[in-house]
file start.txt (compact mmCIF, C-alpha atoms and all ligand atoms)
# COMPACT_ATOMS: atom_id res chain seq x y z
CA MET A 1 12.30 -18.66 5.30
CA ILE A 2 11.83 -20.73 2.13
CA LYS A 3 8.17 -21.40 1.30
CA ASN A 4 7.08 -24.38 -0.79
CA VAL A 5 3.90 -23.98 -2.82
CA SER A 6 2.05 -26.82 -4.57
CA LYS A 7 -0.57 -26.78 -7.28
CA ASN A 8 -4.14 -26.36 -5.98
CA ILE A 9 -6.24 -29.19 -7.40
CA GLY A 10 -9.77 -28.78 -6.01
CA GLY A 11 -10.24 -25.00 -6.33
CA LEU A 12 -10.43 -22.24 -3.70
CA LYS A 13 -13.80 -22.17 -1.96
CA GLY A 14 -15.34 -20.29 0.97
CA GLU A 15 -15.55 -16.96 2.69
CA ILE A 16 -12.72 -14.90 4.16
CA THR A 17 -12.29 -11.54 5.85
CA ILE A 18 -9.14 -9.74 4.77
CA PRO A 19 -7.21 -7.91 7.51
CA ALA A 20 -6.92 -4.15 7.81
CA ASP A 21 -5.76 -1.74 5.16
CA LYS A 22 -2.09 -0.84 5.53
CA SER A 23 -2.35 2.69 4.10
CA ILE A 24 -5.27 3.61 6.34
CA SER A 25 -3.67 1.99 9.42
CA HIS A 26 -0.59 4.22 9.07
CA ARG A 27 -2.75 7.30 8.80
CA THR A 28 -4.92 6.45 11.83
CA ILE A 29 -1.84 6.48 14.07
CA MET A 30 -0.37 9.64 12.54
CA PHE A 31 -3.55 11.70 12.62
CA SER A 32 -4.79 10.53 16.03
CA SER A 33 -1.36 11.46 17.42
CA LEU A 34 -2.04 15.02 16.25
CA ALA A 35 -5.61 15.09 17.66
CA LYS A 36 -6.09 16.31 21.22
CA GLY A 37 -7.88 13.65 23.26
CA LYS A 38 -8.50 9.91 23.03
CA THR A 39 -8.89 8.01 19.75
CA ILE A 40 -9.84 4.34 19.54
CA ILE A 41 -8.69 2.54 16.41
CA ASN A 42 -10.45 -0.76 15.72
CA ASN A 43 -9.16 -3.45 13.35
CA PHE A 44 -5.63 -2.00 13.15
CA SER A 45 -3.28 -3.85 10.78
CA SER A 46 -0.98 -6.55 12.17
CA GLY A 47 1.55 -5.81 9.41
CA GLN A 48 5.09 -4.80 10.26
CA ASP A 49 4.88 -1.45 8.41
CA PRO A 50 1.93 0.01 10.37
CA LYS A 51 3.57 -1.27 13.58
CA THR A 52 6.67 0.70 12.58
CA THR A 53 4.55 3.86 12.41
CA LEU A 54 2.97 3.05 15.79
CA LYS A 55 6.37 2.67 17.46
CA LEU A 56 7.68 5.83 15.82
CA PHE A 57 4.84 7.91 17.28
CA GLN A 58 5.42 6.35 20.70
CA ASN A 59 8.98 7.65 20.32
CA LEU A 60 7.51 11.07 19.51
CA GLY A 61 5.90 11.09 22.97
CA ILE A 62 2.39 9.82 22.15
CA ASP A 63 0.65 7.45 24.55
CA ILE A 64 -0.36 4.50 22.32
CA LYS A 65 -1.58 1.21 23.84
CA TYR A 66 -3.01 -2.04 22.50
CA LEU A 67 -6.43 -2.74 24.07
CA SER A 68 -6.59 -6.11 22.26
CA ASP A 69 -4.85 -7.74 19.26
CA SER A 70 -6.24 -5.17 16.87
CA SER A 71 -7.74 -2.34 18.99
CA ILE A 72 -5.57 0.59 19.88
CA GLU A 73 -6.00 3.56 22.17
CA VAL A 74 -4.16 6.75 21.29
CA ILE A 75 -4.05 9.55 23.85
CA SER A 76 -2.48 12.81 22.77
CA ASP A 77 -2.46 16.41 23.87
CA GLY A 78 -2.53 17.34 20.20
CA LYS A 79 1.18 17.63 19.60
CA ILE A 80 4.28 15.50 19.22
CA TYR A 81 7.56 15.82 21.13
CA PRO A 82 11.25 15.50 20.18
CA SER A 83 12.55 11.96 20.28
CA ASN A 84 15.85 11.16 21.94
CA LYS A 85 16.15 8.24 19.49
CA ILE A 86 16.75 8.16 15.74
CA LEU A 87 13.36 7.44 14.18
CA ASP A 88 13.41 4.09 12.37
CA CYS A 89 10.99 3.75 9.43
CA GLY A 90 12.06 0.16 8.69
CA ASN A 91 10.85 -0.93 5.22
CA SER A 92 8.02 1.60 5.09
CA GLY A 93 8.05 4.36 2.46
CA THR A 94 4.67 5.61 3.69
CA THR A 95 6.08 6.14 7.19
CA MET A 96 9.17 8.00 6.03
CA ARG A 97 7.44 10.24 3.50
CA LEU A 98 4.36 11.18 5.52
CA VAL A 99 6.23 11.66 8.80
CA SER A 100 8.74 13.94 7.03
CA GLY A 101 5.85 16.29 6.23
CA ILE A 102 4.78 16.39 9.88
CA LEU A 103 8.31 16.76 11.29
CA SER A 104 9.22 19.60 8.89
CA GLY A 105 6.76 21.91 10.63
CA GLN A 106 7.75 21.18 14.27
CA SER A 107 9.90 23.30 16.57
CA PHE A 108 12.53 20.55 16.98
CA SER A 109 14.93 18.44 14.92
CA SER A 110 14.65 14.74 14.03
CA GLU A 111 16.51 12.07 12.12
CA LEU A 112 14.78 9.37 10.04
CA ILE A 113 16.41 6.13 8.93
CA GLY A 114 15.20 3.05 7.05
CA ASP A 115 16.32 -0.48 6.15
CA SER A 116 18.56 -1.16 3.14
CA SER A 117 15.62 -1.15 0.67
CA LEU A 118 14.07 2.07 2.03
CA SER A 119 17.50 3.75 2.12
CA LYS A 120 17.71 3.36 -1.67
CA ARG A 121 14.26 4.78 -2.41
CA PRO A 122 13.94 8.34 -3.76
CA MET A 123 13.19 11.06 -1.19
CA LYS A 124 13.88 14.08 -3.47
CA ARG A 125 10.22 13.91 -4.44
CA ILE A 126 9.32 15.08 -0.93
CA ILE A 127 12.47 17.07 -0.08
CA GLU A 128 11.89 19.48 -2.99
CA PRO A 129 8.32 20.57 -2.16
CA LEU A 130 9.02 20.60 1.59
CA THR A 131 12.06 22.81 0.99
CA GLN A 132 9.87 25.16 -1.05
CA MET A 133 7.67 25.42 2.07
CA GLY A 134 10.70 26.46 4.13
CA ALA A 135 11.73 23.05 5.53
CA GLU A 136 15.35 22.28 6.27
CA ILE A 137 16.17 18.67 5.29
CA SER A 138 19.49 17.03 4.59
CA SER A 139 19.80 13.64 2.89
CA VAL A 140 22.42 11.41 1.32
CA ASN A 141 22.04 12.13 -2.40
CA GLY A 142 18.27 12.40 -2.08
CA CYS A 143 17.94 9.23 0.03
CA ALA A 144 17.63 8.42 3.74
CA PRO A 145 18.93 9.04 6.36
CA LEU A 146 17.01 12.31 6.47
CA LYS A 147 17.88 15.02 9.00
CA ILE A 148 14.98 17.39 9.47
CA VAL A 149 15.37 20.70 11.34
CA GLY A 150 11.80 21.81 12.08
CA GLN A 151 10.89 25.26 10.74
CA LYS A 152 8.00 27.65 10.44
CA LEU A 153 6.48 26.64 7.11
CA SER A 154 4.59 28.64 4.53
CA ALA A 155 1.91 27.30 2.20
CA ILE A 156 2.66 26.43 -1.43
CA ASP A 157 0.69 25.61 -4.53
CA TYR A 158 2.48 22.47 -5.71
CA ILE A 159 2.04 20.80 -9.09
CA SER A 160 3.35 17.29 -8.52
CA PRO A 161 5.09 15.64 -11.49
CA ILE A 162 3.92 12.21 -10.28
CA ALA A 163 0.64 10.73 -9.05
CA SER A 164 1.80 9.62 -5.61
CA ALA A 165 -0.31 9.50 -2.46
CA GLN A 166 2.86 9.53 -0.39
CA VAL A 167 4.05 12.80 -1.96
CA LYS A 168 0.57 14.35 -1.82
CA SER A 169 0.04 13.30 1.80
CA CYS A 170 3.48 14.51 2.87
CA ILE A 171 2.79 18.02 1.54
CA LEU A 172 -0.76 18.10 2.96
CA LEU A 173 0.55 17.11 6.39
CA ALA A 174 3.19 19.85 6.23
CA GLY A 175 0.33 22.12 5.16
CA LEU A 176 -1.43 21.34 8.46
CA PHE A 177 1.37 23.34 10.15
CA ALA A 178 1.95 26.03 7.46
CA ASP A 179 0.69 29.59 7.24
CA GLY A 180 -1.90 29.90 4.47
CA ALA A 181 -3.61 27.40 2.18
CA THR A 182 -1.46 24.61 0.73
CA THR A 183 -2.60 23.05 -2.55
CA VAL A 184 -1.28 19.89 -4.21
CA THR A 185 -2.26 19.03 -7.79
CA GLU A 186 -1.49 15.58 -9.24
CA PRO A 187 -1.41 14.47 -12.89
CA ASN A 188 -3.84 11.66 -11.96
CA VAL A 189 -5.66 11.06 -8.70
CA SER A 190 -3.79 8.79 -6.27
CA ARG A 191 -5.33 7.08 -3.22
CA ASN A 192 -7.21 9.65 -1.13
CA HIS A 193 -7.20 8.09 2.36
CA THR A 194 -5.36 11.12 3.77
CA GLU A 195 -8.04 13.48 2.49
CA LEU A 196 -10.92 11.29 3.75
CA LEU A 197 -9.49 10.64 7.21
CA LEU A 198 -8.35 14.23 7.77
CA LYS A 199 -11.84 15.41 6.82
CA TYR A 200 -13.38 12.78 9.12
CA MET A 201 -11.21 14.17 11.92
CA GLY A 202 -12.29 17.77 11.28
CA ALA A 203 -9.48 19.22 9.13
CA ASP A 204 -10.11 22.17 6.83
CA ILE A 205 -9.48 20.28 3.58
CA SER A 206 -11.19 20.46 0.20
CA VAL A 207 -10.87 18.63 -3.11
CA ASN A 208 -11.31 20.04 -6.61
CA ASN A 209 -10.68 17.46 -9.37
CA ASN A 210 -6.96 16.54 -9.12
CA SER A 211 -6.20 19.28 -6.54
CA VAL A 212 -6.43 19.15 -2.76
CA THR A 213 -6.21 22.23 -0.51
CA ILE A 214 -5.57 22.22 3.22
CA LYS A 215 -5.32 24.97 5.84
CA GLN A 216 -3.95 24.87 9.39
CA SER A 217 -6.42 22.81 11.39
CA LYS A 218 -6.91 21.22 14.79
CA LEU A 219 -7.80 17.53 14.44
CA LYS A 220 -10.51 15.98 16.61
CA PRO A 221 -10.32 12.40 17.88
CA GLN A 222 -12.85 9.96 16.41
CA ASP A 223 -13.53 6.27 16.80
CA ILE A 224 -12.11 4.67 13.68
CA TYR A 225 -12.68 1.22 12.13
CA VAL A 226 -10.04 0.26 9.54
CA CYS A 227 -11.55 -1.65 6.61
CA GLY A 228 -9.95 -4.65 4.88
CA ASP A 229 -7.09 -3.99 2.46
CA ILE A 230 -8.01 -4.34 -1.21
CA SER A 231 -4.29 -4.72 -2.02
CA SER A 232 -4.22 -7.82 0.21
CA ALA A 233 -7.53 -9.02 -1.25
CA ALA A 234 -5.95 -8.77 -4.72
CA TYR A 235 -3.99 -12.03 -4.17
CA PHE A 236 -7.23 -13.90 -3.41
CA ILE A 237 -9.05 -12.22 -6.30
CA ALA A 238 -6.28 -13.26 -8.71
CA ALA A 239 -6.00 -16.78 -7.29
CA ALA A 240 -9.76 -17.41 -7.47
CA LEU A 241 -9.79 -16.26 -11.10
CA ILE A 242 -7.01 -18.60 -12.25
CA VAL A 243 -7.41 -21.72 -10.06
CA PRO A 244 -10.09 -23.89 -11.76
CA ASN A 245 -13.35 -24.44 -9.78
CA SER A 246 -12.78 -21.51 -7.40
CA ASP A 247 -15.61 -19.51 -5.86
CA VAL A 248 -14.61 -17.13 -3.05
CA ILE A 249 -16.36 -14.41 -1.05
CA ILE A 250 -14.24 -11.65 0.51
CA LYS A 251 -15.94 -9.62 3.24
CA ASN A 252 -15.54 -6.03 4.44
CA ILE A 253 -12.90 -4.82 2.02
CA GLY A 254 -12.24 -1.19 1.22
CA LEU A 255 -13.86 -0.21 -2.08
CA ASN A 256 -12.54 3.35 -2.26
CA PRO A 257 -12.62 4.20 -6.00
CA THR A 258 -9.00 5.42 -5.85
CA ARG A 259 -8.01 1.82 -4.98
CA THR A 260 -10.40 -0.34 -7.04
CA GLY A 261 -8.39 -0.41 -10.29
CA ILE A 262 -7.96 -4.17 -9.79
CA ILE A 263 -11.75 -4.67 -9.94
CA ASP A 264 -11.97 -2.64 -13.16
CA VAL A 265 -9.13 -4.65 -14.70
CA VAL A 266 -10.73 -7.97 -13.76
CA LYS A 267 -13.96 -6.82 -15.41
CA ALA A 268 -12.06 -5.65 -18.52
CA MET A 269 -10.41 -9.10 -18.69
CA GLY A 270 -13.82 -10.77 -18.55
CA GLY A 271 -13.41 -12.14 -15.01
CA SER A 272 -16.39 -12.94 -12.79
CA ILE A 273 -16.37 -10.43 -9.92
CA GLU A 274 -19.51 -9.26 -8.19
CA ILE A 275 -19.92 -6.57 -5.52
CA LEU A 276 -22.46 -7.92 -3.06
CA ASP A 277 -22.95 -5.14 -0.56
CA LYS A 278 -21.63 -1.62 -0.06
CA LYS A 279 -21.71 0.62 3.01
CA GLU A 280 -19.83 3.53 4.56
CA CYS A 281 -17.42 3.14 7.43
CA SER A 282 -15.18 5.81 9.02
CA GLY A 283 -15.36 7.92 5.86
CA GLU A 284 -14.51 5.02 3.51
CA ILE A 285 -16.71 2.78 1.30
CA ILE A 286 -16.53 -0.91 2.15
CA GLY A 287 -18.25 -4.03 0.85
CA ASP A 288 -18.19 -7.75 0.09
CA ILE A 289 -17.16 -9.25 -3.24
CA ARG A 290 -17.55 -12.67 -4.87
CA ILE A 291 -15.02 -14.00 -7.39
CA LYS A 292 -15.21 -17.14 -9.50
CA TYR A 293 -12.77 -18.96 -11.78
CA SER A 294 -12.97 -17.38 -15.24
CA GLN A 295 -11.60 -17.47 -18.78
CA LEU A 296 -9.66 -14.20 -19.08
CA ASN A 297 -8.62 -12.00 -21.99
CA GLY A 298 -5.63 -9.64 -22.09
CA CYS A 299 -6.11 -5.87 -21.82
CA GLU A 300 -4.17 -2.60 -21.69
CA ILE A 301 -3.55 -0.96 -18.31
CA SER A 302 -2.20 2.61 -18.42
CA GLY A 303 -2.71 6.28 -17.52
CA GLU A 304 -5.12 7.22 -14.74
CA MET A 305 -5.64 3.53 -13.92
CA ILE A 306 -2.03 3.03 -12.74
CA PRO A 307 -2.19 4.83 -9.35
CA ARG A 308 -5.49 3.01 -8.68
CA LEU A 309 -3.73 -0.39 -8.77
CA ILE A 310 -0.03 0.41 -8.39
CA ASP A 311 0.62 -2.21 -5.68
CA GLU A 312 -1.38 -4.89 -7.51
CA LEU A 313 0.72 -4.89 -10.70
CA PRO A 314 2.93 -7.88 -9.77
CA VAL A 315 -0.14 -10.09 -9.17
CA ILE A 316 -1.84 -8.64 -12.26
CA ALA A 317 1.21 -9.89 -14.19
CA VAL A 318 0.46 -13.39 -12.86
CA LEU A 319 -3.17 -12.99 -13.93
CA ALA A 320 -2.05 -11.85 -17.39
CA THR A 321 -0.08 -15.08 -17.93
CA GLN A 322 -3.45 -16.89 -17.77
CA ALA A 323 -5.34 -14.47 -20.03
CA ASN A 324 -5.72 -15.13 -23.75
CA GLY A 325 -3.91 -12.53 -25.88
CA THR A 326 -1.66 -9.67 -24.89
CA THR A 327 -1.73 -7.60 -21.72
CA VAL A 328 0.21 -4.34 -21.88
CA ILE A 329 1.08 -2.40 -18.74
CA LYS A 330 2.51 1.07 -19.32
CA ASP A 331 2.97 4.42 -17.50
CA ALA A 332 4.06 2.43 -14.44
CA GLN A 333 7.73 3.50 -14.28
CA ASP A 334 7.35 4.31 -10.57
CA LEU A 335 7.11 0.54 -9.97
CA ARG A 336 10.91 0.63 -10.22
CA ASN A 337 10.99 2.71 -7.00
CA LYS A 338 9.04 0.33 -4.76
CA GLU A 339 10.38 -2.17 -2.18
CA SER A 340 12.15 -3.78 -5.16
CA ASP A 341 12.33 -2.70 -8.82
CA ARG A 342 9.01 -4.46 -9.37
CA ILE A 343 9.26 -4.34 -13.17
CA LYS A 344 12.58 -6.20 -13.14
CA SER A 345 11.80 -8.54 -10.26
CA THR A 346 8.34 -9.56 -11.50
CA VAL A 347 9.53 -10.17 -15.06
CA SER A 348 12.62 -12.13 -14.00
CA GLU A 349 10.76 -14.52 -11.66
CA LEU A 350 7.73 -15.12 -13.91
CA LYS A 351 10.07 -15.87 -16.84
CA LYS A 352 11.66 -18.60 -14.71
CA LEU A 353 8.20 -20.24 -14.53
CA GLY A 354 7.82 -20.17 -18.33
CA ALA A 355 5.71 -17.01 -18.68
CA ASP A 356 5.93 -15.01 -21.91
CA ILE A 357 6.64 -11.63 -20.29
CA GLU A 358 8.96 -8.81 -21.39
CA GLU A 359 10.17 -5.76 -19.52
CA THR A 360 9.61 -2.26 -20.97
CA PRO A 361 10.92 1.00 -19.47
CA ASP A 362 7.53 1.77 -17.89
CA GLY A 363 5.90 -1.62 -17.44
CA PHE A 364 5.70 -5.03 -19.09
CA VAL A 365 4.02 -6.94 -21.89
CA VAL A 366 2.59 -10.40 -21.22
CA ASN A 367 1.38 -12.86 -23.85
CA GLY A 368 -0.98 -15.59 -22.68
CA LYS A 369 -2.23 -18.03 -21.97
CA THR A 370 0.87 -20.00 -20.98
CA LYS A 371 1.45 -23.02 -18.77
CA LEU A 372 3.59 -22.25 -15.73
CA TYR A 373 6.00 -25.12 -15.02
CA GLY A 374 7.53 -24.76 -11.56
CA ASP A 375 10.07 -27.18 -10.13
CA ILE A 376 12.21 -24.14 -9.38
CA ASN A 377 13.34 -21.85 -6.55
CA LEU A 378 12.29 -18.19 -6.88
CA GLU A 379 13.57 -14.94 -5.36
CA SER A 380 11.20 -12.62 -3.50
CA TYR A 381 13.80 -9.82 -3.48
CA GLN A 382 12.64 -9.28 0.13
CA ASP A 383 9.58 -7.62 -1.37
CA HIS A 384 6.31 -8.62 0.33
CA ARG A 385 4.17 -8.04 -2.75
CA LEU A 386 6.40 -10.04 -5.06
CA ALA A 387 6.53 -12.95 -2.55
CA MET A 388 2.72 -13.08 -2.36
CA SER A 389 2.31 -12.77 -6.15
CA LEU A 390 4.68 -15.71 -6.70
CA TYR A 391 2.72 -17.78 -4.16
CA VAL A 392 -0.41 -17.18 -6.28
CA ALA A 393 1.51 -18.30 -9.40
CA GLY A 394 2.60 -21.42 -7.47
CA LEU A 395 -1.06 -22.47 -7.06
CA ILE A 396 -1.28 -23.14 -10.82
CA CYS A 397 2.27 -24.36 -11.57
CA GLU A 398 2.56 -27.92 -12.89
CA LYS A 399 5.19 -28.74 -10.26
CA ASP A 400 6.02 -27.31 -6.82
CA ILE A 401 7.89 -24.03 -6.48
CA SER A 402 9.81 -22.57 -3.55
CA ILE A 403 10.06 -18.86 -2.69
CA ASN A 404 12.99 -17.39 -0.75
CA ASP A 405 12.63 -14.93 2.17
CA PHE A 406 8.88 -15.51 2.35
CA GLU A 407 8.71 -14.00 5.85
CA TRP A 408 8.79 -10.57 4.18
CA THR A 409 5.03 -11.04 3.60
CA ASN A 410 4.75 -9.96 7.26
CA ILE A 411 5.41 -6.40 6.12
CA SER A 412 1.78 -6.03 5.08
CA PHE A 413 -0.01 -9.36 5.55
CA PRO A 414 1.08 -11.83 8.27
CA GLU A 415 -2.21 -13.78 7.89
CA PHE A 416 -1.63 -14.38 4.15
CA GLU A 417 -0.95 -18.12 4.13
CA GLU A 418 -3.36 -18.99 6.93
CA LEU A 419 -6.19 -17.48 4.87
CA PHE A 420 -5.16 -19.38 1.74
CA VAL A 421 -5.14 -22.61 3.75
CA LYS A 422 -8.65 -21.76 5.01
CA ILE A 423 -10.13 -21.74 1.49
CA SER A 424 -7.97 -24.48 -0.08
C1 LIG B 1 0.87 4.34 -0.33
C2 LIG B 1 0.97 4.89 -1.58
C3 LIG B 1 1.55 4.19 -2.74
C4 LIG B 1 1.69 2.70 -2.49
C5 LIG B 1 2.20 2.38 -1.12
C6 LIG B 1 1.31 2.97 -0.05
C7 LIG B 1 0.28 5.15 0.75
O1 LIG B 1 2.82 4.75 -2.99
O2 LIG B 1 2.54 2.12 -3.46
O3 LIG B 1 2.26 0.97 -0.93
O4 LIG B 1 -0.06 4.58 1.81
O5 LIG B 1 0.16 6.36 0.57
P1 LIG B 1 2.95 6.05 -3.94
O6 LIG B 1 1.89 6.96 -3.52
O7 LIG B 1 4.30 6.62 -3.71
O8 LIG B 1 2.77 5.51 -5.33

call {"tool": "encode", "arguments": {"input": "start.txt", "output": "structure tokens", "more": "lines below"}}
Ligand code: S3P
result
Amino acid sequence: MIKNVSKNIGGLKGEITIPADKSISHRTIMFSSLAKGKTIINNFSSGQDPKTTLKLFQNLGIDIKYLSDSSIEVISDGKIYPSNKILDCGNSGTTMRLVSGILSGQSFSSELIGDSSLSKRPMKRIIEPLTQMGAEISSVNGCAPLKIVGQKLSAIDYISPIASAQVKSCILLAGLFADGATTVTEPNVSRNHTELLLKYMGADISVNNNSVTIKQSKLKPQDIYVCGDISSAAYFIAAALIVPNSDVIIKNIGLNPTRTGIIDVVKAMGGSIEILDKKECSGEIIGDIRIKYSQLNGCEISGEMIPRLIDELPVIAVLATQANGTTVIKDAQDLRNKESDRIKSTVSELKKLGADIEETPDGFVVNGKTKLYGDINLESYQDHRLAMSLYVAGLICEKDISINDFEWTNISFPEFEELFVKIS
């Protein structure tokens, strides 16, 4: 589907509630499937990726039903069963990597496949540590399809070369089934939803700086409410900052410090962002924020900040085109391994709009503030986050733009445009 986007003239104004967090939604299904009893998940994501995880666990013999549009009941006897189907992870790296950890420690074999994008993404990063634990996994040159022959696993102490929540979570989930205590240490802390939700569900898990240790545990069902996704909120935060006269309130979004890099960057750029209210919900911190149109300045984004905003970097690039001075993004080479090579794809499409942006091996450099022209058709590379970032750019382009394959936004955020219309 080709999406046309026109300049917003009057400013974005009003209050919105952002739908459920994708990362947490995946984990609620996975962990409740391993918990003996009945779990109710409220405010489950309507995105395609979490639905892929839901279907996959149905195929692993778990009784999962929708009670309403966003409430789900999961009934499990605490274990999963062999599937007579190949397990399809669609576009979802989180599904493939986390489920591989779980399947490695079962007493049966499974096969995991993905779509053409997921089939090109690196899986060696999980195959290596899982193999060290005793897993038997075959791949096609380190990529999917993955054939996993379940084994008895033993614990490892793994020093991860990358800060990746998917790698960390995969090993921790294998650790749930391994003899002994499994420890993962990361160079910088990545999102910790796995740790928080496993703890909330009674796992024997502890955190010490950049290291997490888990022992074999029985999970207990809990009622879970999934908070709003700060990665989805990021498009509204960016848009409100760059569309003149905007003033937007976003309610009930996750404010987990391992995810709030975007808020720190907005503050460093001089943007007006205010946290109105904070509370705890199902082990996570949530709150409301208010964002207003602001004059922005460039900044450097690197190091420990990168995993705290990894998915927001394409829309931060849009923001940087409207900031005075230079914004440098480095240490983000793993962006090349996402749904598209997000360094290449972001730079190529923003250049077409007239942005002063250059690719570097591990990020990009943006000089602002520049006018964005439009009157052009852009590629989304079938990457949901790039499609949504380009839509935000379209709101300030002099002339209309069109974005190809816009339906890929359904991967994480089917309500995206409807919410923009609500505050336009
Ligand atoms: C995710 C972790 C991140 C992120 C992805 C979701 C997760 O990937 O990019 O969208 O749910 O664990 P990495 O941990 O591999 O960087």

call {"tool": "closest_residue", "arguments": {"input": "start.txt", "among": "A:Leu103, A:Ala317, A:Met305, A:Leu296", "to": "A:Ile242", "atoms": "only C-alpha atoms"}}
result
A:Leu296

call {"tool": "residues_near_ligand", "arguments": {"input": "start.txt", "ligand": "ligand LIG 1 (chain B)", "cutoff": "8 Å", "atoms": "all atoms listed in the file", "output": "list in words"}}
result
Lys22, Ser23, Ile24, His26, Arg27, Gly93, Thr94, Ala163, Ser164, Ala165, Gln166, Val167, Lys168, Ser169, Ser190, Arg191, His193, Thr194, Pro307, Ile310, Asp311, Asp334 and Lys338 of chain A

call {"tool": "atom_distance", "arguments": {"input": "start.txt", "atom1": "atom CA of A:Ser302", "atom2": "atom CA of A:Asp362"}}
result
9.8 Å

call {"tool": "residues_around", "arguments": {"input": "start.txt", "residues": "A:Tyr158", "least_positions_apart": "5", "cutoff": "7 Å", "atoms": "only C-alpha atoms", "output": "PyMOL selection string"}}
result
chain A and resi 183-185

call {"tool": "closest_residue", "arguments": {"input": "start.txt", "among": "A:Val5, A:Val318, A:Ile401, A:Val328", "to": "A:Leu386", "atoms": "only C-alpha atoms"}}
result
A:Val318

call {"tool": "closest_residue", "arguments": {"input": "start.txt", "among": "A:Thr182, A:Thr260, A:Gln333, A:Ser109", "to": "A:Ile148", "atoms": "only C-alpha atoms"}}
result
A:Ser109

call {"tool": "residues_around", "arguments": {"input": "start.txt", "residues": "A:Ile40", "least_positions_apart": "6", "cutoff": "6 Å", "atoms": "all atoms listed in the file", "output": "list in words"}}
result
Ile72, Glu73 and Asp223 of chain A

call {"tool": "atom_distance", "arguments": {"input": "start.txt", "atom1": "atom CA of A:Tyr225", "atom2": "atom CA of A:Asn42"}}
result
4.7 Å

call {"tool": "residues_around", "arguments": {"input": "start.txt", "residues": "A:Pro145", "least_positions_apart": "3", "cutoff": "10 Å", "atoms": "all atoms listed in the file", "output": "PDB file with C-alpha atoms, keeping the file's coordinate frame"}}
result
ATOM      1  CA  ILE A  86      16.750   8.160  15.740  1.00  0.00           C
ATOM      2  CA  LEU A  87      13.360   7.440  14.180  1.00  0.00           C
ATOM      3  CA  ASP A  88      13.410   4.090  12.370  1.00  0.00           C
ATOM      4  CA  MET A  96       9.170   8.000   6.030  1.00  0.00           C
ATOM      5  CA  GLU A 111      16.510  12.070  12.120  1.00  0.00           C
ATOM      6  CA  LEU A 112      14.780   9.370  10.040  1.00  0.00           C
ATOM      7  CA  ILE A 113      16.410   6.130   8.930  1.00  0.00           C
ATOM      8  CA  GLY A 114      15.200   3.050   7.050  1.00  0.00           C
ATOM      9  CA  ASP A 115      16.320  -0.480   6.150  1.00  0.00           C
ATOM     10  CA  LEU A 118      14.070   2.070   2.030  1.00  0.00           C
ATOM     11  CA  SER A 119      17.500   3.750   2.120  1.00  0.00           C
ATOM     12  CA  LYS A 120      17.710   3.360  -1.670  1.00  0.00           C
ATOM     13  CA  MET A 123      13.190  11.060  -1.190  1.00  0.00           C
ATOM     14  CA  SER A 138      19.490  17.030   4.590  1.00  0.00           C
ATOM     15  CA  SER A 139      19.800  13.640   2.890  1.00  0.00           C
ATOM     16  CA  VAL A 140      22.420  11.410   1.320  1.00  0.00           C
ATOM     17  CA  ASN A 141      22.040  12.130  -2.400  1.00  0.00           C
ATOM     18  CA  GLY A 142      18.270  12.400  -2.080  1.00  0.00           C
ATOM     19  CA  ILE A 148      14.980  17.390   9.470  1.00  0.00           C
TER      20      ILE A 148
END

call {"tool": "residues_around", "arguments": {"input": "start.txt", "residues": "A:Ala323", "least_positions_apart": "2", "cutoff": "6 Å", "atoms": "all atoms listed in the file", "output": "ChimeraX atom specification"}}
result
/A:296-298,320-321,368-369

call {"tool": "closest_residue", "arguments": {"input": "start.txt", "among": "A:Asp204, A:Glu15, A:Glu339, A:Glu284", "to": "A:Ser246", "atoms": "all atoms listed in the file"}}
result
A:Glu15

call {"tool": "closest_residue", "arguments": {"input": "start.txt", "among": "A:Ser6, A:Thr258, A:Gln382, A:Ser389", "to": "A:Asn404", "atoms": "all atoms listed in the file"}}
result
A:Gln382

call {"tool": "residues_around", "arguments": {"input": "start.txt", "residues": "A:Ile2", "least_positions_apart": "4", "cutoff": "7 Å", "atoms": "all atoms listed in the file", "output": "list of chain:residue names"}}
result
A:Ser402, A:Ile403, A:Asn404, A:Asp405, A:Phe406

call {"tool": "write_last_selection", "arguments": {"input": "start.txt", "atoms": "C-alpha atoms", "output": "mmCIF file, in the coordinates of the input"}}
result
data_model
loop_
_atom_site.group_PDB
_atom_site.id
_atom_site.type_symbol
_atom_site.label_atom_id
_atom_site.label_comp_id
_atom_site.auth_asym_id
_atom_site.auth_seq_id
_atom_site.Cartn_x
_atom_site.Cartn_y
_atom_site.Cartn_z
ATOM 1 C CA SER A 402 9.810 -22.570 -3.550
ATOM 2 C CA ILE A 403 10.060 -18.860 -2.690
ATOM 3 C CA ASN A 404 12.990 -17.390 -0.750
ATOM 4 C CA ASP A 405 12.630 -14.930 2.170
ATOM 5 C CA PHE A 406 8.880 -15.510 2.350
#

call {"tool": "atom_distance", "arguments": {"input": "start.txt", "atom1": "atom CA of A:Val226", "atom2": "atom CA of A:Asn252"}}
result
9.8 Å

call {"tool": "closest_residue", "arguments": {"input": "start.txt", "among": "A:Ile237, A:Glu300, A:Arg308, A:Leu353", "to": "A:Ala268", "atoms": "only C-alpha atoms"}}
result
A:Glu300

call {"tool": "residues_near_point", "arguments": {"input": "start.txt", "point": "(-6.8, -19.6, -7.8)", "cutoff": "8 Å", "atoms": "all atoms listed in the file", "output": "list in words"}}
result
Asn8, Gly11, Leu12, Phe236, Ile237, Ala238, Ala239, Ala240, Leu241, Ile242, Val243, Pro244, Ser246, Tyr293, Val392, Leu395 and Ile396 of chain A
